[in-house]
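J.: Mind looking over this structure? Questions follow.
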Amino acid sequence: MSERILKELADSFVKLLIPGIRVTIPLTVISFTCGIIIALIVALVQVAKIPVVRHLARFYVWIIRGTPMIVQLFVVYFGLPSIGIRLAAFPSAVIVFSLSVGAYCSETIRAAIESVPKGQLEACYCVGMTFPQAMMRIVIPQAMRAAFPPLSNSLIGLVKDTSLAYSVAVVEILATAQRIAARTYDYFWLYCEAGLIYLIFSTVLTWAQRAVERRMERSR
Amino acid sequence: MIQVHNVRKRFGDNEVLKDVSFRVDDGDVIAILGPSGSGKTTLLRCLSFLEKADAGKVDFDDKTYDLGSASKKEILQYRRKIGFVFQDYQLFGNKTALGNVTEGLIVARKMKRDEAEKLGREALDKVGMLDRADYYPSKLSGGQQQRVAIARAMVSDPGVIFFDEPTSALDPELTGEVLDVMKKLAENRTTMVVVTHEMEFARRVADRVIFMEGGLIVEEDGAEQFFTAPKTQRAAEFLRGIEAGF
């Protein structure tokens, strides 16, 4: 590795980190937050066996899980304008990523809720609680504990999946690396560096996951 | 007083309860005995609306509840008048011992936290668990968990507490501490209906015994009468079988 490349990589590190902090992280945080809210609702309507709505929920999960995310991105960003709905790149990506997290995590959360013994719900009933009270106070908190490791996985997966937003012109880490390399022709090093930034983000999240898990272990 | 009328329940082709009626007077301790599969647990579960009965009514506090068709509101009102102790304790895993006892007061009955905690500590004290108030269930032994579960059932001062085989999930050396607590409750004239296999307990603590078999009440007696001179052939055989087992 020549001195020139080293210097260039040092310069570009900051240039890649900036879109990482200004685009990738907000994209991840907003999409994951919306996605978890969707996932909770979708899981709950199925657990509570609400008629009609639960079938809509299954349909939604079926569609999202059964189609590639990049196709969904193309449909929303390039496809919707032809039927008169024009969305900017960033909100398009947020919509697609939220729906994706919502579908996958709803299955995780549903399984976690079903893993809480039925007796816990019955015990809630026997101290006079209603179904929503039992869910909010006793069942979901315990389900979330079980769901935490797979949900952390989904979050780390999402950080990396946000690179797909490159394809709909969101200027995130990968797009920035591509732009710099187009000028310098150091594709190999710049794409590796882009990967390194994702690796740093994922590693920090993995540490955070372990720290939270250790804390949960203590309070039980 | 609680009067139970004509409870029926079937699971598919299996008729688990065939027309069960009985009365519980205030302050009474009733032991429900019988071979496994006789419908004892199902009876308690129907009486708490954990299972929906096919038919049956309960008169409780001048109000009649239909066990097959009560509305959600009626069920909620009814459940706030009872306590239930499960075979496998079912303490809330995400709450401390004190949290378990106060949860129903705070969430279901909208009691103020400090007021609920005062009652909660009193209840834990009665079952000898006050020193473990801040422990999570996973840090308690089975016997300790069941004592907390009893505190949780009694803290709201219910009209009756149902016990579903409260000691059968426990190691033998831990049953004593739970039975002692129940005995103390009985001495304080708590109304209790106890499904149990603990014959000594039934004999010493219960006022009356209901002996069930095949979904029917075969015999109903004063406890002493039942154990010394059962009236029916089936009850006599059941008692002999248990003696032979030891």
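Ordering of the structure tokens sets the chain letters (A, B, ...), residue numbers begin anew at 1 in every chain, and ligands are numbered from 1 in the order given.
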Fewer than 5 positions away in the same chain doesn't count, so skip those; otherwise give me all residues within 9 Å of B:Pro35, counting only C-alpha atoms, as a PyMOL selection string.
T.: chain B and resi 40+197+211-214+238
J.: Find the spatial neighbours of A:Arg65, counting only C-alpha atoms, within a cut-off of 8 Å - ignore same-chain residues fewer than 5 positions away - and output them as a PyMOL selection string.
T.: chain A and resi 100+103-104
J.: May I have the selected residues written with all heavy atoms, as a compact mmCIF listing (two decimals), in the first residue's frame?
T.:
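Output (result08.txt):
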```txt
# COMPACT_ATOMS: atom_id res chain seq x y z
N SER A 100 -40.22 -3.65 6.15
CA SER A 100 -39.46 -4.89 6.21
C SER A 100 -39.21 -5.31 7.67
O SER A 100 -39.48 -6.45 8.06
CB SER A 100 -38.13 -4.71 5.48
OG SER A 100 -37.30 -5.79 5.74
N ALA A 103 -42.39 -6.58 9.26
CA ALA A 103 -42.81 -7.94 8.90
C ALA A 103 -41.95 -8.99 9.61
O ALA A 103 -42.48 -9.90 10.25
CB ALA A 103 -42.72 -8.13 7.39
N TYR A 104 -40.63 -8.85 9.49
CA TYR A 104 -39.76 -9.87 10.10
C TYR A 104 -39.87 -9.87 11.63
O TYR A 104 -39.98 -10.91 12.25
CB TYR A 104 -38.30 -9.67 9.67
CG TYR A 104 -38.04 -10.17 8.27
CD1 TYR A 104 -38.07 -9.31 7.19
CD2 TYR A 104 -37.80 -11.52 8.05
CE1 TYR A 104 -37.85 -9.77 5.91
CE2 TYR A 104 -37.57 -11.99 6.76
CZ TYR A 104 -37.60 -11.11 5.69
OH TYR A 104 -37.39 -11.58 4.42
```
J.: Could you work out which residues of chain A fall inside 10 Å of chain B? Count only C-alpha atoms, and format the result as a ChimeraX atom specification.
T.: /A:116-130,133-134,137-142,145,219-220
J.: Just to confirm, what's the straight-line distance from atom CA of B:Asp62 to atom CA of B:Met1 in Å (one decimal)?
T.: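 Answer for the atom CA of B:Asp62 to atom CA of B:Met1 separation: 8.8 Å.
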J.: Which polymer residues have any atom within 12 Å of an atom of A:Ile18, counting only C-alpha atoms, with same-chain residues fewer than 2 positions away left out, as a list in words?
T.: Asp11, Ser12, Phe13, Val14, Lys15, Leu16, Gly20, Ile21, Arg22, Val23, Thr24, Ile25, Pro26, Val171, Glu172, Ile173, Leu174, Thr176, Ala177, Ala194 and Ile197 of chain A
J.: Save out the residues we just selected, N, CA, C and O atoms, as a compact mmCIF listing (two decimals), in the first residue's frame.
T.:
```txt
# COMPACT_ATOMS: atom_id res chain seq x y z
N ASP A 11 -8.09 10.48 4.59
CA ASP A 11 -9.00 11.57 4.23
C ASP A 11 -10.43 11.07 4.03
O ASP A 11 -11.39 11.65 4.53
N SER A 12 -10.53 9.97 3.28
CA SER A 12 -11.87 9.50 2.92
C SER A 12 -12.59 8.88 4.12
O SER A 12 -13.82 8.80 4.13
N PHE A 13 -11.83 8.45 5.13
CA PHE A 13 -12.49 7.86 6.30
C PHE A 13 -13.52 8.82 6.89
O PHE A 13 -14.66 8.45 7.16
N VAL A 14 -13.08 10.06 7.05
CA VAL A 14 -14.00 11.06 7.60
C VAL A 14 -15.14 11.33 6.61
O VAL A 14 -16.29 11.46 6.99
N LYS A 15 -14.78 11.36 5.31
CA LYS A 15 -15.80 11.63 4.30
C LYS A 15 -16.86 10.52 4.26
O LYS A 15 -18.01 10.77 3.89
N LEU A 16 -16.45 9.29 4.62
CA LEU A 16 -17.41 8.19 4.66
C LEU A 16 -18.18 8.18 5.99
O LEU A 16 -19.35 7.81 6.06
N GLY A 20 -22.29 8.33 7.05
CA GLY A 20 -22.66 7.26 7.98
C GLY A 20 -23.45 7.83 9.14
O GLY A 20 -24.52 7.32 9.52
N ILE A 21 -22.95 8.93 9.70
CA ILE A 21 -23.60 9.52 10.87
C ILE A 21 -24.86 10.30 10.46
O ILE A 21 -25.87 10.26 11.15
N ARG A 22 -24.77 10.98 9.30
CA ARG A 22 -25.90 11.83 8.91
C ARG A 22 -26.99 11.12 8.14
O ARG A 22 -28.11 11.61 8.09
N VAL A 23 -26.67 9.98 7.52
CA VAL A 23 -27.69 9.29 6.72
C VAL A 23 -27.95 7.87 7.24
O VAL A 23 -29.07 7.52 7.58
N THR A 24 -26.90 7.05 7.30
CA THR A 24 -27.09 5.64 7.65
C THR A 24 -27.71 5.50 9.05
O THR A 24 -28.66 4.76 9.23
N ILE A 25 -27.16 6.23 10.01
CA ILE A 25 -27.68 6.09 11.38
C ILE A 25 -29.12 6.59 11.49
O ILE A 25 -29.98 5.87 12.00
N PRO A 26 -29.45 7.80 11.00
CA PRO A 26 -30.86 8.21 11.08
C PRO A 26 -31.78 7.26 10.32
O PRO A 26 -32.85 6.91 10.82
N VAL A 171 -27.70 9.22 -0.60
CA VAL A 171 -26.25 9.32 -0.51
C VAL A 171 -25.79 8.88 0.87
O VAL A 171 -25.65 9.69 1.79
N GLU A 172 -25.59 7.58 0.98
CA GLU A 172 -25.13 7.05 2.27
C GLU A 172 -23.67 6.61 2.13
O GLU A 172 -22.97 7.14 1.27
N ILE A 173 -23.22 5.68 2.95
CA ILE A 173 -21.79 5.35 2.98
C ILE A 173 -21.31 4.80 1.63
O ILE A 173 -20.32 5.27 1.06
N LEU A 174 -22.04 3.82 1.14
CA LEU A 174 -21.60 3.14 -0.09
C LEU A 174 -21.59 4.10 -1.28
O LEU A 174 -20.63 4.12 -2.07
N THR A 176 -21.20 7.28 -1.20
CA THR A 176 -20.08 8.21 -1.05
C THR A 176 -18.77 7.55 -1.46
O THR A 176 -17.94 8.15 -2.16
N ALA A 177 -18.59 6.30 -1.03
CA ALA A 177 -17.37 5.57 -1.41
C ALA A 177 -17.27 5.47 -2.92
O ALA A 177 -16.20 5.66 -3.50
N ALA A 194 -15.47 1.34 3.14
CA ALA A 194 -16.92 1.44 3.40
C ALA A 194 -17.35 0.25 4.26
O ALA A 194 -18.09 0.42 5.25
N ILE A 197 -16.47 0.78 7.88
CA ILE A 197 -17.38 1.67 8.63
C ILE A 197 -18.60 0.88 9.10
O ILE A 197 -19.02 0.99 10.26
```
J.: In Å to one decimal, how far is atom CA of B:Met111 from atom CA of B:Ile161?
T.: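 Rounded to one decimal, the two atoms are 20.7 Å apart.
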J.: Report, in Å to a single decimal, how far apart atom CA of A:Trp62 and atom CA of A:Gln46 are.
T.: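 Going from atom CA of A:Gln46 over to atom CA of A:Trp62 covers 13.7 Å.
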